[in-house]
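Coordinates from coords_31.txt are shown below (compact mmCIF, C-alpha atoms and all ligand atoms).
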# COMPACT_ATOMS: atom_id res chain seq x y z
CA MET M 19 -9.38 0.44 -23.44
CA ASP M 20 -6.18 -1.44 -22.69
CA SER M 21 -7.91 -4.06 -20.60
CA PHE M 22 -6.00 -6.28 -18.20
CA LEU M 23 -8.97 -8.05 -16.67
CA LYS M 24 -11.88 -8.64 -19.00
CA ILE M 25 -15.10 -10.19 -17.77
CA ASP M 26 -16.96 -11.13 -20.89
CA HIS M 27 -20.66 -12.14 -20.89
CA PHE M 28 -19.91 -14.09 -17.74
CA SER M 29 -22.34 -16.08 -15.64
CA CYS M 30 -21.92 -18.29 -12.56
CA GLY M 31 -23.87 -19.00 -9.39
CA TYR M 32 -26.27 -21.44 -7.83
CA PRO M 33 -28.61 -22.67 -10.57
CA GLY M 34 -32.22 -22.75 -9.48
CA ARG M 35 -31.49 -20.24 -6.72
CA PHE M 36 -29.27 -17.38 -7.90
CA VAL M 37 -27.11 -16.83 -10.97
CA LEU M 38 -25.21 -13.84 -12.25
CA GLU M 39 -26.41 -12.76 -15.66
CA ASP M 40 -24.27 -11.60 -18.54
CA ILE M 41 -21.62 -9.78 -16.51
CA CYS M 42 -19.38 -7.58 -18.67
CA PHE M 43 -16.66 -5.15 -17.59
CA GLU M 44 -13.01 -4.39 -18.23
CA ILE M 45 -10.25 -3.13 -15.94
CA LYS M 46 -6.88 -1.58 -16.77
CA GLN M 47 -3.67 -2.81 -15.18
CA GLY M 48 -2.99 -1.14 -11.83
CA ASP M 49 -6.55 0.10 -11.39
CA PHE M 50 -8.23 -0.02 -8.01
CA VAL M 51 -11.87 -0.88 -8.63
CA GLY M 52 -14.69 -1.05 -6.07
CA ILE M 53 -17.71 -3.33 -6.33
CA ILE M 54 -20.79 -1.90 -4.65
CA GLY M 55 -24.42 -3.00 -4.45
CA PRO M 56 -26.90 -4.09 -1.81
CA ASN M 57 -26.74 -7.36 0.12
CA GLY M 58 -27.64 -10.26 -2.11
CA SER M 59 -26.87 -8.42 -5.37
CA GLY M 60 -24.16 -10.96 -6.25
CA LYS M 61 -20.84 -9.34 -5.31
CA THR M 62 -19.45 -12.38 -3.48
CA THR M 63 -20.80 -14.71 -6.15
CA LEU M 64 -18.86 -12.71 -8.74
CA PHE M 65 -15.66 -13.04 -6.70
CA LYS M 66 -16.21 -16.78 -6.39
CA GLY M 67 -16.69 -17.03 -10.13
CA ILE M 68 -13.53 -15.09 -10.94
CA SER M 69 -11.43 -17.00 -8.39
CA GLY M 70 -12.75 -20.34 -9.67
CA GLU M 71 -14.47 -21.34 -6.43
CA LEU M 72 -17.70 -21.50 -8.46
CA SER M 73 -17.67 -23.00 -11.92
CA THR M 74 -18.49 -20.90 -14.95
CA ILE M 75 -21.94 -21.27 -16.48
CA LYS M 76 -21.25 -19.00 -19.45
CA GLY M 77 -18.70 -16.49 -20.72
CA LYS M 78 -15.05 -15.76 -20.04
CA CYS M 79 -12.74 -14.19 -17.46
CA ILE M 80 -9.54 -13.09 -19.16
CA LEU M 81 -6.54 -11.91 -17.15
CA ASN M 82 -3.60 -10.50 -19.08
CA GLU M 83 -4.80 -12.24 -22.24
CA LYS M 84 -5.10 -15.62 -20.52
CA LEU M 85 -8.34 -17.41 -19.84
CA LEU M 86 -8.66 -17.85 -16.06
CA GLN M 87 -11.03 -20.78 -16.53
CA LYS M 88 -8.32 -22.71 -18.34
CA MET M 89 -5.80 -22.35 -15.54
CA GLY M 90 -5.24 -25.10 -12.98
CA LEU M 91 -5.42 -24.29 -9.28
CA ARG M 92 -1.71 -23.66 -8.96
CA GLU M 93 -1.47 -21.34 -11.96
CA ARG M 94 -4.59 -19.50 -10.88
CA ALA M 95 -3.12 -18.97 -7.40
CA GLN M 96 0.02 -17.53 -8.97
CA ASN M 97 -2.13 -15.06 -10.89
CA LEU M 98 -4.80 -14.04 -8.44
CA ALA M 99 -5.10 -13.86 -4.67
CA VAL M 100 -8.17 -13.41 -2.50
CA VAL M 101 -8.37 -11.75 0.90
CA THR M 102 -11.55 -12.76 2.69
CA GLN M 103 -13.52 -10.69 5.19
CA THR M 104 -12.72 -12.75 8.22
CA ILE M 105 -9.44 -14.53 8.54
CA GLU M 106 -9.45 -17.72 10.53
CA ALA M 107 -5.85 -18.74 10.84
CA GLY M 108 -5.83 -20.09 14.41
CA ASN M 109 -2.65 -20.46 16.33
CA ILE M 110 0.01 -20.17 13.63
CA THR M 111 2.35 -17.18 13.65
CA VAL M 112 1.96 -14.24 11.28
CA GLU M 113 5.13 -15.29 9.46
CA GLU M 114 3.89 -18.87 9.02
CA TYR M 115 0.59 -17.50 7.76
CA VAL M 116 2.22 -15.14 5.26
CA LEU M 117 4.46 -17.99 4.07
CA MET M 118 1.30 -19.92 3.13
CA GLY M 119 1.11 -17.47 0.24
CA ARG M 120 4.15 -19.24 -1.20
CA PHE M 121 2.43 -22.66 -1.47
CA PRO M 122 1.53 -22.22 -5.16
CA TYR M 123 5.25 -21.95 -5.93
CA ARG M 124 6.39 -25.10 -4.11
CA ARG M 125 7.85 -27.89 -6.13
CA ARG M 126 6.71 -31.46 -5.76
CA PHE M 127 8.04 -33.03 -2.54
CA GLN M 128 9.21 -29.66 -1.27
CA PHE M 129 8.05 -29.61 2.34
CA PHE M 130 9.81 -26.53 3.63
CA GLU M 131 10.04 -22.95 2.50
CA THR M 132 13.14 -21.82 0.64
CA ALA M 133 15.36 -18.85 1.52
CA ASP M 134 13.61 -17.02 -1.33
CA ASP M 135 10.21 -17.69 0.22
CA LEU M 136 11.39 -16.32 3.56
CA GLU M 137 12.79 -13.24 1.88
CA ILE M 138 9.57 -12.64 -0.06
CA ALA M 139 7.45 -13.06 3.08
CA GLN M 140 9.71 -10.64 4.94
CA LYS M 141 9.49 -8.12 2.10
CA TYR M 142 5.69 -8.04 2.07
CA MET M 143 5.35 -8.09 5.87
CA ASN M 144 7.56 -4.99 5.78
CA GLN M 145 5.62 -3.36 3.00
CA VAL M 146 2.30 -3.93 4.75
CA GLY M 147 3.69 -2.98 8.18
CA VAL M 148 3.24 -6.24 10.09
CA VAL M 149 6.85 -7.36 10.35
CA HIS M 150 6.96 -6.46 14.05
CA LEU M 151 4.12 -8.96 14.58
CA LYS M 152 5.75 -11.83 12.74
CA ASP M 153 6.18 -14.12 15.76
CA LYS M 154 2.74 -13.43 17.19
CA PRO M 155 -0.04 -16.00 16.77
CA MET M 156 -2.67 -14.89 14.23
CA ASN M 157 -5.49 -15.34 16.74
CA ALA M 158 -3.85 -12.83 19.10
CA LEU M 159 -4.10 -9.99 16.55
CA SER M 160 -6.77 -7.30 16.32
CA GLY M 161 -9.18 -7.34 13.37
CA GLY M 162 -7.19 -4.64 11.57
CA GLU M 163 -3.88 -6.45 12.09
CA GLN M 164 -5.41 -9.69 10.79
CA GLN M 165 -6.57 -7.92 7.65
CA LEU M 166 -3.05 -6.55 7.15
CA ALA M 167 -1.57 -10.04 7.61
CA GLY M 168 -4.14 -11.32 5.10
CA ILE M 169 -2.98 -8.72 2.60
CA ALA M 170 0.68 -9.63 3.23
CA ARG M 171 -0.13 -13.33 2.60
CA ALA M 172 -1.96 -12.46 -0.60
CA LEU M 173 0.99 -10.33 -1.78
CA ALA M 174 3.40 -13.18 -1.02
CA GLN M 175 1.50 -15.07 -3.72
CA GLU M 176 2.83 -12.38 -6.07
CA PRO M 177 -0.45 -12.20 -7.99
CA GLN M 178 -1.38 -9.85 -10.79
CA LEU M 179 -4.93 -9.51 -9.55
CA LEU M 180 -6.00 -9.04 -5.95
CA LEU M 181 -9.61 -9.64 -4.85
CA LEU M 182 -10.51 -8.06 -1.51
CA ASP M 183 -13.81 -8.90 0.14
CA GLU M 184 -14.78 -5.95 2.34
CA PRO M 185 -11.37 -5.42 3.93
CA THR M 186 -12.64 -2.53 6.05
CA SER M 187 -15.78 -4.02 7.56
CA HIS M 188 -15.64 -4.22 11.37
CA LEU M 189 -12.82 -1.66 11.51
CA ASP M 190 -12.83 1.80 13.06
CA ILE M 191 -12.15 4.80 10.81
CA THR M 192 -8.44 4.91 11.72
CA HIS M 193 -7.95 1.37 10.47
CA GLN M 194 -10.32 1.77 7.51
CA VAL M 195 -8.26 4.67 6.24
CA GLN M 196 -4.96 2.91 7.04
CA ILE M 197 -5.98 -0.17 5.02
CA LEU M 198 -7.39 1.77 2.08
CA ASN M 199 -4.33 4.03 1.90
CA LEU M 200 -2.17 0.92 1.89
CA ILE M 201 -4.22 -0.74 -0.85
CA ARG M 202 -4.06 2.40 -3.00
CA ARG M 203 -0.29 2.54 -2.56
CA LEU M 204 0.06 -1.13 -3.47
CA SER M 205 -2.00 -0.77 -6.62
CA HIS M 206 0.23 2.11 -7.63
CA ASP M 207 3.67 0.83 -6.53
CA LEU M 208 3.26 -2.81 -7.56
CA LYS M 209 1.04 -2.11 -10.58
CA LEU M 210 -1.36 -4.50 -8.92
CA THR M 211 -4.88 -4.64 -10.29
CA ILE M 212 -7.37 -4.66 -7.42
CA LEU M 213 -11.05 -5.52 -7.22
CA MET M 214 -12.59 -4.77 -3.84
CA ILE M 215 -16.09 -5.37 -2.50
CA ILE M 216 -16.99 -2.42 -0.30
CA HIS M 217 -20.23 -1.42 1.41
CA ASP M 218 -19.29 2.10 2.43
CA LEU M 219 -20.17 4.27 -0.57
CA ASN M 220 -18.15 7.22 0.70
CA LEU M 221 -14.97 5.19 1.10
CA ALA M 222 -15.64 3.60 -2.30
CA GLY M 223 -16.00 7.05 -3.89
CA GLU M 224 -12.96 8.51 -2.19
CA TYR M 225 -10.47 5.72 -2.84
CA CYS M 226 -11.42 3.79 -5.98
CA ASP M 227 -10.48 4.68 -9.55
CA SER M 228 -13.76 3.30 -10.76
CA LEU M 229 -16.83 1.53 -9.43
CA ILE M 230 -19.01 -1.36 -10.52
CA MET M 231 -22.55 -1.14 -9.19
CA MET M 232 -24.38 -4.47 -8.98
CA GLU M 233 -28.11 -5.06 -8.80
CA ASN M 234 -29.96 -8.41 -8.70
CA GLY M 235 -27.14 -10.43 -10.25
CA THR M 236 -26.39 -7.92 -13.00
CA VAL M 237 -24.03 -5.00 -13.48
CA ARG M 238 -26.10 -1.83 -13.40
CA LYS M 239 -23.36 0.71 -13.92
CA VAL M 240 -19.58 0.94 -14.40
CA GLY M 241 -17.61 4.17 -14.35
CA ALA M 242 -15.74 6.81 -12.38
CA PRO M 243 -17.08 7.29 -8.82
CA ALA M 244 -18.79 10.58 -9.77
CA GLU M 245 -20.66 8.84 -12.59
CA VAL M 246 -21.80 5.86 -10.53
CA LEU M 247 -22.57 7.55 -7.21
CA ASN M 248 -25.52 9.68 -8.29
CA TYR M 249 -28.74 9.75 -6.30
CA GLU M 250 -30.90 8.29 -9.06
CA ASP M 251 -28.89 5.08 -9.36
CA ILE M 252 -28.27 4.77 -5.62
CA GLU M 253 -31.93 5.25 -4.75
CA ALA M 254 -33.07 2.80 -7.41
CA VAL M 255 -30.66 0.10 -6.30
CA TYR M 256 -30.68 0.57 -2.52
CA LYS M 257 -34.32 1.72 -2.22
CA THR M 258 -33.12 4.48 0.10
CA VAL M 259 -33.29 8.26 -0.20
CA VAL M 260 -29.85 9.87 -0.38
CA ILE M 261 -28.32 13.25 -1.11
CA THR M 262 -25.10 13.36 -3.09
CA ARG M 263 -22.54 16.15 -2.96
CA THR M 264 -18.87 16.65 -3.76
CA ASN M 265 -16.10 16.52 -1.19
CA PRO M 266 -14.68 20.08 -1.28
CA ILE M 267 -11.08 18.90 -0.82
CA SER M 268 -10.84 15.75 -2.93
CA GLY M 269 -13.54 16.54 -5.46
CA LYS M 270 -14.90 13.01 -4.96
CA PRO M 271 -18.60 12.24 -4.48
CA VAL M 272 -20.08 11.89 -1.00
CA VAL M 273 -23.40 10.33 -0.12
CA PHE M 274 -25.61 11.47 2.76
CA LEU M 275 -28.44 9.43 4.20
CA VAL M 276 -31.68 11.07 5.32
CA SER M 277 -33.70 9.65 8.20
CA GLU M 278 -37.40 8.91 7.90
CA GLN M 279 -38.06 11.50 10.61
CA VAL M 280 -36.48 14.26 8.53
CA LEU M 281 -38.10 13.05 5.33
CA ASN M 282 -41.54 13.27 6.95
CA LYS M 283 -41.06 16.41 9.00
CA LYS M 284 -39.67 18.73 6.37
CA ASN M 285 -41.99 17.63 3.62
CA PHE M 286 -38.82 16.65 1.84
CA ASN M 287 -38.53 17.86 -1.70
CA ARG M 288 -35.32 17.14 -3.52
CA ARG M 289 -35.91 19.93 -6.00
CA LEU M 290 -35.70 22.50 -3.22
CA LEU M 291 -32.17 21.40 -2.24
P1 LIG C 1 -23.62 -10.09 -1.98
O1 LIG C 1 -22.19 -10.50 -1.85
O2 LIG C 1 -23.86 -9.01 -2.97
O3 LIG C 1 -24.28 -9.79 -0.65
P2 LIG C 1 -23.99 -12.87 -2.68
O4 LIG C 1 -23.22 -13.06 -3.92
O5 LIG C 1 -23.39 -13.34 -1.39
O6 LIG C 1 -24.42 -11.33 -2.56
O7 LIG C 1 -25.41 -13.58 -2.80
C1 LIG C 1 -26.24 -13.47 -3.92
C2 LIG C 1 -27.37 -14.45 -3.80
O8 LIG C 1 -26.86 -15.77 -3.87
C3 LIG C 1 -28.16 -14.33 -2.52
O9 LIG C 1 -29.53 -14.37 -2.83
C4 LIG C 1 -27.75 -15.55 -1.74
O10 LIG C 1 -28.81 -16.02 -0.96
C5 LIG C 1 -27.39 -16.55 -2.81
N1 LIG C 1 -26.37 -17.49 -2.33
C6 LIG C 1 -25.19 -17.17 -1.78
N2 LIG C 1 -24.51 -18.30 -1.43
C7 LIG C 1 -25.31 -19.35 -1.79
C8 LIG C 1 -25.18 -20.77 -1.70
N3 LIG C 1 -24.09 -21.34 -1.17
N4 LIG C 1 -26.19 -21.52 -2.17
C9 LIG C 1 -27.29 -20.96 -2.72
N5 LIG C 1 -27.48 -19.62 -2.85
C10 LIG C 1 -26.50 -18.82 -2.38

For this file, write the structure as structure tokens.
Amino acid sequence: MDSFLKIDHFSCGYPGRFVLEDICFEIKQGDFVGIIGPNGSGKTTLFKGISGELSTIKGKCILNEKLLQKMGLRERAQNLAVVTQTIEAGNITVEEYVLMGRFPYRRRFQFFETADDLEIAQKYMNQVGVVHLKDKPMNALSGGEQQLAGIARALAQEPQLLLLDEPTSHLDITHQVQILNLIRRLSHDLKLTILMIIHDLNLAGEYCDSLIMMENGTVRKVGAPAEVLNYEDIEAVYKTVVITRTNPISGKPVVFLVSEQVLNKKNFNRRLL
């Protein structure tokens, strides 16, 4: 594979409490990859390891043939951007917030943004669809609008790799689909490589090029959504009975949950399905 991001026998974490073990996977440039797995399986820890927030215990993270661990903060921020689940930006305007994405490009003793910075911020606010909100304070936006502003700020960093931590949690389906459509478009149009933590298996299956399934600090499975989202793996990892089918329009896998009531009442037997 022509890998753009290579995570190679990587480990990081909280020694004595929780560490990731021997994480290995590779991603092609421009791929949109979902990370799934139950709470506590290590998804956020992996993000913190890749972004450098946690130090490496073992192994390598290589982005476009460069070792991420060798990069300083500034160089790292020019190469990868993170959008967190909740954005606490207070009273600053959307434009000021998006301009913060330009900090890694400031020269020493440069206290104000340049005309280029303003143009870049404007470009990504346009692309993401928040330019009409640019003078509004961040804390006056809805959750969906804040996520969009967060994506615009991350794009203003002009990274090669974008890490998104559950961008659709707390959003209704209109905004979930709006954000995921946008992210898909960005990965395609900007050739941006995207790693996204996502809890909703159906959205993960519908939108992502491939999925990484985590379990107890390890990678259990990597592959196309149809390979990863099978009932055996899902049931083993999530300890929950599910039925998997194929979306008749998109051909992507869908996962149905079954309540305890139904499981008990119908003398549930998977083989009869
Ligand atoms: P996920 O994102 O898959 O829900 P996390 O990576 O957040 O999982 O957490 C994995 C494990 O690491 C959990 O058992 C959690 O308790 C532990 N953990 C997370 N943050 C810390 C921390 N700051 N100190 C110690 N342990 C932590």

For CA of Ser228 in chain M and CA of Met214 in chain M, the interatomic separation in Å (one decimal):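 One can read the CA of Ser228 in chain M to CA of Met214 in chain M distance as 10.7 Å.
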
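Using only C-alpha atoms and all ligand atoms, the nearest neighbour of ligand LIG 1 (chain C) within the list M:Pro266, M:Gly235, M:Pro177, M:Gly48 is M:Gly235.
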
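Going from CA of Gly108 in chain M over to CA of Asn157 in chain M, you cover 5.3 Å.
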
Minimum-distance residue to ligand LIG 1 (chain C), chosen among M:Phe22, M:Phe28, M:Phe50, M:Phe65 (using only C-alpha atoms and all ligand atoms):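 Smallest separation from ligand LIG 1 (chain C) among the options: M:Phe65.
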
Listed atoms of ligand LIG 1 (chain C) boxed along x, y and z, 8 Å each side, centre and edge lengths in Å, one decimal, as AutoDock Vina command-line options:
--center_x -25.9 --center_y -15.3 --center_z -2.3 --size_x 23.3 --size_y 28.5 --size_z 19.3

Determine the nearest neighbour of ligand LIG 1 (chain C) from the options M:Asn234, M:Gln178, M:Gln87, M:Gln145, counting all atoms listed in the file.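 Among M:Asn234, M:Gln178, M:Gln87, M:Gln145, it is M:Asn234 that comes nearest to ligand LIG 1 (chain C).
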
Taking only C-alpha atoms and all ligand atoms into account, report as a PDB file with C-alpha atoms, in the coordinates of the input which residues have an atom no farther than 12 Å from an atom of ligand LIG 1 (chain C).
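Listing of out-v5.pdb after writing:
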ATOM      1  CA  CYS M  30     -21.920 -18.290 -12.560  1.00  0.00           C
ATOM      2  CA  GLY M  31     -23.870 -19.000  -9.390  1.00  0.00           C
ATOM      3  CA  TYR M  32     -26.270 -21.440  -7.830  1.00  0.00           C
ATOM      4  CA  PRO M  33     -28.610 -22.670 -10.570  1.00  0.00           C
ATOM      5  CA  GLY M  34     -32.220 -22.750  -9.480  1.00  0.00           C
ATOM      6  CA  ARG M  35     -31.490 -20.240  -6.720  1.00  0.00           C
ATOM      7  CA  PHE M  36     -29.270 -17.380  -7.900  1.00  0.00           C
ATOM      8  CA  VAL M  37     -27.110 -16.830 -10.970  1.00  0.00           C
ATOM      9  CA  LEU M  38     -25.210 -13.840 -12.250  1.00  0.00           C
ATOM     10  CA  GLU M  39     -26.410 -12.760 -15.660  1.00  0.00           C
ATOM     11  CA  ILE M  53     -17.710  -3.330  -6.330  1.00  0.00           C
ATOM     12  CA  ILE M  54     -20.790  -1.900  -4.650  1.00  0.00           C
ATOM     13  CA  GLY M  55     -24.420  -3.000  -4.450  1.00  0.00           C
ATOM     14  CA  PRO M  56     -26.900  -4.090  -1.810  1.00  0.00           C
ATOM     15  CA  ASN M  57     -26.740  -7.360   0.120  1.00  0.00           C
ATOM     16  CA  GLY M  58     -27.640 -10.260  -2.110  1.00  0.00           C
ATOM     17  CA  SER M  59     -26.870  -8.420  -5.370  1.00  0.00           C
ATOM     18  CA  GLY M  60     -24.160 -10.960  -6.250  1.00  0.00           C
ATOM     19  CA  LYS M  61     -20.840  -9.340  -5.310  1.00  0.00           C
ATOM     20  CA  THR M  62     -19.450 -12.380  -3.480  1.00  0.00           C
ATOM     21  CA  THR M  63     -20.800 -14.710  -6.150  1.00  0.00           C
ATOM     22  CA  LEU M  64     -18.860 -12.710  -8.740  1.00  0.00           C
ATOM     23  CA  PHE M  65     -15.660 -13.040  -6.700  1.00  0.00           C
ATOM     24  CA  LYS M  66     -16.210 -16.780  -6.390  1.00  0.00           C
ATOM     25  CA  GLY M  67     -16.690 -17.030 -10.130  1.00  0.00           C
ATOM     26  CA  GLU M  71     -14.470 -21.340  -6.430  1.00  0.00           C
ATOM     27  CA  LEU M  72     -17.700 -21.500  -8.460  1.00  0.00           C
ATOM     28  CA  THR M 102     -11.550 -12.760   2.690  1.00  0.00           C
ATOM     29  CA  GLN M 103     -13.520 -10.690   5.190  1.00  0.00           C
ATOM     30  CA  LEU M 182     -10.510  -8.060  -1.510  1.00  0.00           C
ATOM     31  CA  ASP M 183     -13.810  -8.900   0.140  1.00  0.00           C
ATOM     32  CA  GLU M 184     -14.780  -5.950   2.340  1.00  0.00           C
ATOM     33  CA  MET M 214     -12.590  -4.770  -3.840  1.00  0.00           C
ATOM     34  CA  ILE M 215     -16.090  -5.370  -2.500  1.00  0.00           C
ATOM     35  CA  ILE M 216     -16.990  -2.420  -0.300  1.00  0.00           C
ATOM     36  CA  HIS M 217     -20.230  -1.420   1.410  1.00  0.00           C
ATOM     37  CA  ILE M 230     -19.010  -1.360 -10.520  1.00  0.00           C
ATOM     38  CA  MET M 231     -22.550  -1.140  -9.190  1.00  0.00           C
ATOM     39  CA  MET M 232     -24.380  -4.470  -8.980  1.00  0.00           C
ATOM     40  CA  GLU M 233     -28.110  -5.060  -8.800  1.00  0.00           C
ATOM     41  CA  ASN M 234     -29.960  -8.410  -8.700  1.00  0.00           C
ATOM     42  CA  GLY M 235     -27.140 -10.430 -10.250  1.00  0.00           C
ATOM     43  CA  THR M 236     -26.390  -7.920 -13.000  1.00  0.00           C
ATOM     44  CA  VAL M 237     -24.030  -5.000 -13.480  1.00  0.00           C
ATOM     45  CA  VAL M 255     -30.660   0.100  -6.300  1.00  0.00           C
ATOM     46  CA  TYR M 256     -30.680   0.570  -2.520  1.00  0.00           C
TER      47      TYR M 256
END

Work out how far CA of Glu224 in chain M is from CA of Gln165 in chain M, in Å to one decimal.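 Computed distance, CA of Gln165 in chain M to CA of Glu224 in chain M, equals 20.2 Å.
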
Please check which residues have atoms at most 7 Å from (-23.2, 5.5, -1.3) in the file's coordinates, counting only C-alpha atoms, and write them as a PDB file with C-alpha atoms, keeping the file's coordinate frame.
ATOM      1  CA  ASP M 218     -19.290   2.100   2.430  1.00  0.00           C
ATOM      2  CA  LEU M 219     -20.170   4.270  -0.570  1.00  0.00           C
ATOM      3  CA  ASN M 220     -18.150   7.220   0.700  1.00  0.00           C
ATOM      4  CA  LEU M 247     -22.570   7.550  -7.210  1.00  0.00           C
ATOM      5  CA  ILE M 252     -28.270   4.770  -5.620  1.00  0.00           C
ATOM      6  CA  VAL M 273     -23.400  10.330  -0.120  1.00  0.00           C
TER       7      VAL M 273
END

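Among M:Gln175, M:Lys152, M:Ser73, M:Gly162, the residue with the shortest atom-to-atom distance to Arg92 in chain M, counting all atoms listed in the file, is M:Gln175.
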
Please list as a ChimeraX atom specification every residue within 8 Å of Leu166 in chain M, counting all atoms listed in the file and excluding residues in the same chain fewer than 3 positions away. /M:146-148,162-163,169-170,197

Write the selection just made, keeping C-alpha atoms, as a compact mmCIF listing (two decimals), in the frame of the given file?
# COMPACT_ATOMS: atom_id res chain seq x y z
CA VAL M 146 2.30 -3.93 4.75
CA GLY M 147 3.69 -2.98 8.18
CA VAL M 148 3.24 -6.24 10.09
CA GLY M 162 -7.19 -4.64 11.57
CA GLU M 163 -3.88 -6.45 12.09
CA ILE M 169 -2.98 -8.72 2.60
CA ALA M 170 0.68 -9.63 3.23
CA ILE M 197 -5.98 -0.17 5.02

Which is closest to Glu245 in chain M among M:Ser29, M:Gln164, M:Gln47, M:Thr264, if we use all atoms listed in the file?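 Under the stated criterion, the closest residue is M:Thr264.
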
Quick one: of M:Glu113, M:Ala158, M:Leu210, M:Arg171, who's nearest to Asp49 in chain M, counting only C-alpha atoms?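 Of the candidates, the smallest distance to Asp49 in chain M is held by M:Leu210.
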